[in-house]
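Have a look at the structure below before the remarks.
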Amino acid sequence: MNNWTGVFPAVTTKLNQDGSINVQANQSAIDRLIANGVSGVIVLPMLGENACLTPSEKELVIRSAQEAAGGRVPVLSGLAEITQADANSRAREFEKLGVEGLMAFPTLGYKSDARETAEWYKSLARASGLPIMIYNNPIAYGVDVTPRVLQELADSPTIVAVKEETGDVRRVTDMYVALGNRYQIFCGVDDQVVESVALGAVGWVSGMTNVWPKECVTLFNLCNQGRKDEALQLYRLLTPAFHLDTHVKLVQYIKLSESLVYGAPEWVRGPRLPLVGDEREFVTRTIKDAIKRLENYSLPQAA
């Protein structure tokens, strides 16, 4: 199975104002991410509005991302469905499309208990040969893939990684205590990346890397190299913006941030709406403040 490490941005899906997929903007964004050193890209994450896209649109996003990546980094896809049958079918479809792994949500239609959650992922693991990263975000989805559940999944060889997004950084250590190095643990919360890497996380599924890929890759590398003081300096510059990644409107927040920093389209698919009023001003001010701080900062060279 794949040995995933490094920064894997959860890529936003760029749309036109009429809601259609903006293929050119998506491909330009992926090229920008790869040119700035990311280790892989994950299309169709929650941040990519997975649940709001049709199957044909998902295929378009995947195929255009693969074309843009050109084999330079792995292209993974989010997998978010309601029923087991649909999830398994989608996994097989994505395997035929040539994606190199799945970041798999729990069922979107039901808050499964531990036994049901384990069976969901076991069945998904049997459905295709693709390596799977479990997307564990109990804050958003009400389902927690605990270390005990992960122990039940340990004999499923295609389940290789966990995106840890409980919001409690102690979970990283709890997983290592219970499971050793069975899973590749990825930080899934931008404003906990330094803490997570210090505790042993080997990767980072990041939202704000869409906005500042070079800075985020540098931050991750500084953490990996044990350059604590340099990492903390950059982390403190970016953390106010990183907090935007933890809000229920992170899709709108990060898309607006991308628009402000490099001109990407900020359009979203309903039921989401573009930001207005005080909320828009708050995000704009947060990003502009970060831009000013970065202008007076010399990015260190990570080995």
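By order in the structure tokens, chains are A, B, ...; within a chain, residues start at 1; ligands start at 1, following the order shown.
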For segment 148-157 of chain A, list every protein, DNA or RNA residue within 10 Å, evaluated using only C-alpha atoms, and leave out those in the same chain fewer than 3 positions away; present the list as a PDB file with N, CA and C atoms, in the first residue's frame.
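Saved to out21.pdb:
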ATOM      1  N   MET A   1       0.832  -1.190   0.000  1.00  0.00           N
ATOM      2  CA  MET A   1       0.000   0.000   0.000  1.00  0.00           C
ATOM      3  C   MET A   1       0.871   1.246   0.000  1.00  0.00           C
ATOM      4  N   ASP A 113     -23.148   3.896  14.989  1.00  0.00           N
ATOM      5  CA  ASP A 113     -22.426   3.580  16.216  1.00  0.00           C
ATOM      6  C   ASP A 113     -21.108   2.889  15.869  1.00  0.00           C
ATOM      7  N   ALA A 114     -20.351   2.500  16.884  1.00  0.00           N
ATOM      8  CA  ALA A 114     -19.009   1.962  16.643  1.00  0.00           C
ATOM      9  C   ALA A 114     -19.043   0.703  15.787  1.00  0.00           C
ATOM     10  N   ARG A 115     -19.976  -0.202  16.058  1.00  0.00           N
ATOM     11  CA  ARG A 115     -20.073  -1.450  15.287  1.00  0.00           C
ATOM     12  C   ARG A 115     -20.429  -1.152  13.836  1.00  0.00           C
ATOM     13  N   GLU A 116     -21.382  -0.248  13.634  1.00  0.00           N
ATOM     14  CA  GLU A 116     -21.806   0.098  12.278  1.00  0.00           C
ATOM     15  C   GLU A 116     -20.708   0.843  11.527  1.00  0.00           C
ATOM     16  N   THR A 117     -19.989   1.703  12.241  1.00  0.00           N
ATOM     17  CA  THR A 117     -18.894   2.449  11.614  1.00  0.00           C
ATOM     18  C   THR A 117     -17.798   1.508  11.139  1.00  0.00           C
ATOM     19  N   ALA A 118     -17.455   0.540  11.988  1.00  0.00           N
ATOM     20  CA  ALA A 118     -16.429  -0.431  11.607  1.00  0.00           C
ATOM     21  C   ALA A 118     -16.865  -1.227  10.381  1.00  0.00           C
ATOM     22  N   GLU A 119     -18.120  -1.642  10.337  1.00  0.00           N
ATOM     23  CA  GLU A 119     -18.602  -2.420   9.197  1.00  0.00           C
ATOM     24  C   GLU A 119     -18.641  -1.573   7.927  1.00  0.00           C
ATOM     25  N   TYR A 121     -16.559   0.779   7.031  1.00  0.00           N
ATOM     26  CA  TYR A 121     -15.217   0.856   6.454  1.00  0.00           C
ATOM     27  C   TYR A 121     -14.693  -0.513   6.026  1.00  0.00           C
ATOM     28  N   LYS A 122     -15.065  -1.583   6.735  1.00  0.00           N
ATOM     29  CA  LYS A 122     -14.656  -2.918   6.303  1.00  0.00           C
ATOM     30  C   LYS A 122     -15.242  -3.246   4.933  1.00  0.00           C
ATOM     31  N   SER A 123     -16.518  -2.948   4.753  1.00  0.00           N
ATOM     32  CA  SER A 123     -17.161  -3.221   3.470  1.00  0.00           C
ATOM     33  C   SER A 123     -16.543  -2.368   2.369  1.00  0.00           C
ATOM     34  N   LEU A 124     -16.267  -1.120   2.668  1.00  0.00           N
ATOM     35  CA  LEU A 124     -15.653  -0.241   1.673  1.00  0.00           C
ATOM     36  C   LEU A 124     -14.263  -0.744   1.294  1.00  0.00           C
ATOM     37  N   ALA A 125     -13.527  -1.247   2.273  1.00  0.00           N
ATOM     38  CA  ALA A 125     -12.186  -1.764   2.009  1.00  0.00           C
ATOM     39  C   ALA A 125     -12.218  -2.984   1.107  1.00  0.00           C
ATOM     40  N   ARG A 126     -13.299  -3.762   1.188  1.00  0.00           N
ATOM     41  CA  ARG A 126     -13.433  -4.952   0.321  1.00  0.00           C
ATOM     42  C   ARG A 126     -13.903  -4.597  -1.083  1.00  0.00           C
ATOM     43  N   GLY A 129      -9.563  -2.140  -4.662  1.00  0.00           N
ATOM     44  CA  GLY A 129      -8.181  -2.315  -4.232  1.00  0.00           C
ATOM     45  C   GLY A 129      -7.505  -1.019  -3.840  1.00  0.00           C
ATOM     46  N   PRO A 131      -6.123   2.125  -1.748  1.00  0.00           N
ATOM     47  CA  PRO A 131      -5.811   2.458  -0.359  1.00  0.00           C
ATOM     48  C   PRO A 131      -6.749   3.542   0.152  1.00  0.00           C
ATOM     49  N   ILE A 132      -7.088   3.449   1.432  1.00  0.00           N
ATOM     50  CA  ILE A 132      -8.099   4.322   2.031  1.00  0.00           C
ATOM     51  C   ILE A 132      -7.513   5.106   3.190  1.00  0.00           C
ATOM     52  N   ILE A 134      -9.082   7.126   6.254  1.00  0.00           N
ATOM     53  CA  ILE A 134     -10.334   7.377   6.971  1.00  0.00           C
ATOM     54  C   ILE A 134     -10.412   8.854   7.321  1.00  0.00           C
ATOM     55  N   ASP A 144     -17.382   9.122  15.373  1.00  0.00           N
ATOM     56  CA  ASP A 144     -15.981   9.134  15.788  1.00  0.00           C
ATOM     57  C   ASP A 144     -15.358   7.761  15.546  1.00  0.00           C
ATOM     58  N   VAL A 145     -14.349   7.744  14.685  1.00  0.00           N
ATOM     59  CA  VAL A 145     -13.595   6.507  14.444  1.00  0.00           C
ATOM     60  C   VAL A 145     -12.495   6.456  15.506  1.00  0.00           C
ATOM     61  N   VAL A 160      -5.173   2.422   5.227  1.00  0.00           N
ATOM     62  CA  VAL A 160      -3.770   2.701   5.522  1.00  0.00           C
ATOM     63  C   VAL A 160      -3.535   3.972   6.328  1.00  0.00           C
ATOM     64  N   VAL A 162      -5.303   7.699   8.521  1.00  0.00           N
ATOM     65  CA  VAL A 162      -6.400   8.373   9.208  1.00  0.00           C
ATOM     66  C   VAL A 162      -6.171   9.878   9.136  1.00  0.00           C
ATOM     67  N   MET A 175      -3.816   7.109  19.463  1.00  0.00           N
ATOM     68  CA  MET A 175      -3.761   6.151  18.353  1.00  0.00           C
ATOM     69  C   MET A 175      -2.437   5.411  18.332  1.00  0.00           C
ATOM     70  N   ALA A 178      -2.416   2.811  21.181  1.00  0.00           N
ATOM     71  CA  ALA A 178      -3.283   1.660  20.933  1.00  0.00           C
ATOM     72  C   ALA A 178      -2.856   0.829  19.733  1.00  0.00           C
ATOM     73  N   LEU A 179      -2.232   1.483  18.727  1.00  0.00           N
ATOM     74  CA  LEU A 179      -2.058   0.816  17.440  1.00  0.00           C
ATOM     75  C   LEU A 179      -0.649   0.862  16.893  1.00  0.00           C
ATOM     76  N   ARG A 182       0.499   1.216  12.911  1.00  0.00           N
ATOM     77  CA  ARG A 182      -0.383   0.544  11.941  1.00  0.00           C
ATOM     78  C   ARG A 182      -0.921   1.499  10.884  1.00  0.00           C
ATOM     79  N   TYR A 183      -1.252   2.741  11.286  1.00  0.00           N
ATOM     80  CA  TYR A 183      -1.834   3.691  10.348  1.00  0.00           C
ATOM     81  C   TYR A 183      -0.932   4.913  10.191  1.00  0.00           C
TER      82      TYR A 183
END
DSSP on the backbone: which residues in segment 64-233 of chain A end up as strand (DSSP E or B)? Give the answer as a list of chain:residue names.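 Filtering segment 64-233 of chain A down to strand (DSSP E or B) leaves A:Val75, A:Leu76, A:Ser77, A:Gly78, A:Leu79, A:Leu102, A:Met103, A:Ala104, A:Ile132, A:Met133, A:Ile134, A:Tyr135, A:Asn136, A:Ile159, A:Val160, A:Ala161, A:Val162, A:Lys163, A:Glu164, A:Gln184, A:Ile185, A:Phe186, A:Cys187, A:Gly203, A:Trp204, A:Val205, A:Ser206.
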Contacts of segment 2-16 of chain A at 9 Å (only C-alpha atoms; same-chain gap of 4+ positions) as JSON, numbers by chain: {"A": [20, 21, 22, 23, 24, 25, 26, 29, 30, 33, 37, 38, 39, 40, 41, 42, 43, 44, 45, 46, 47, 48, 49, 50, 61, 78, 100, 101, 131, 160, 161, 184, 185, 186, 201, 202, 203, 204, 205, 206, 207, 208, 209, 210, 213, 216, 217, 220, 221, 251, 254, 255, 264, 265, 266, 267, 268, 269]}
If you run DSSP on this backbone, which residues of segment 67-300 of chain A come out as alpha helix (DSSP H), and could you give them as a ChimeraX atom specification? /A:67-69,84-97,114-127,138-141,147-153,170-179,193-198,213-224,228-242,250-262,277-295
For Ile287 of chain A: contacts at 10 Å, only C-alpha atoms, fewer than 2 positions along chain excluded, given as a list in words: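 Counting only C-alpha atoms, the residues come to Val211, Leu238, Pro240, Ala241, Phe242, Leu244, Tyr253, Ile254, Leu256, Ser257, Glu258, Leu260, Val261, Glu281, Phe282, Val283, Thr284, Arg285, Asp289, Ala290, Ile291, Lys292 and Arg293 of chain A.
Of the residues listed (A:Ile62, A:Leu199, A:Val73, A:Leu250), A:Val73 shows the shortest atom-to-atom separation from Asn36 of chain A; distances use only C-alpha atoms.
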Which residue is closest to Ala65 of chain A? Choose from A:Asp18, A:Asp174, A:Asp31, A:Asp168 and count only C-alpha atoms. A:Asp31
Excluding Thr107 of chain A and its own-chain neighbours fewer than 3 positions away, which residues fall within 7 Å of it when counting only C-alpha atoms? Please give them as JSON, numbers by chain. {"A": [80, 81, 82, 83, 110]}
Save out the residues we just selected, C-alpha atoms, as a compact mmCIF listing (two decimals), in the first residue's frame.
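Below you can see out_29.txt, which holds the result:
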# COMPACT_ATOMS: atom_id res chain seq x y z
CA ALA A 80 -18.90 10.76 0.55
CA GLU A 81 -22.12 8.77 0.18
CA ILE A 82 -25.21 7.87 2.18
CA THR A 83 -25.65 4.13 1.62
CA TYR A 110 -26.82 8.46 9.62
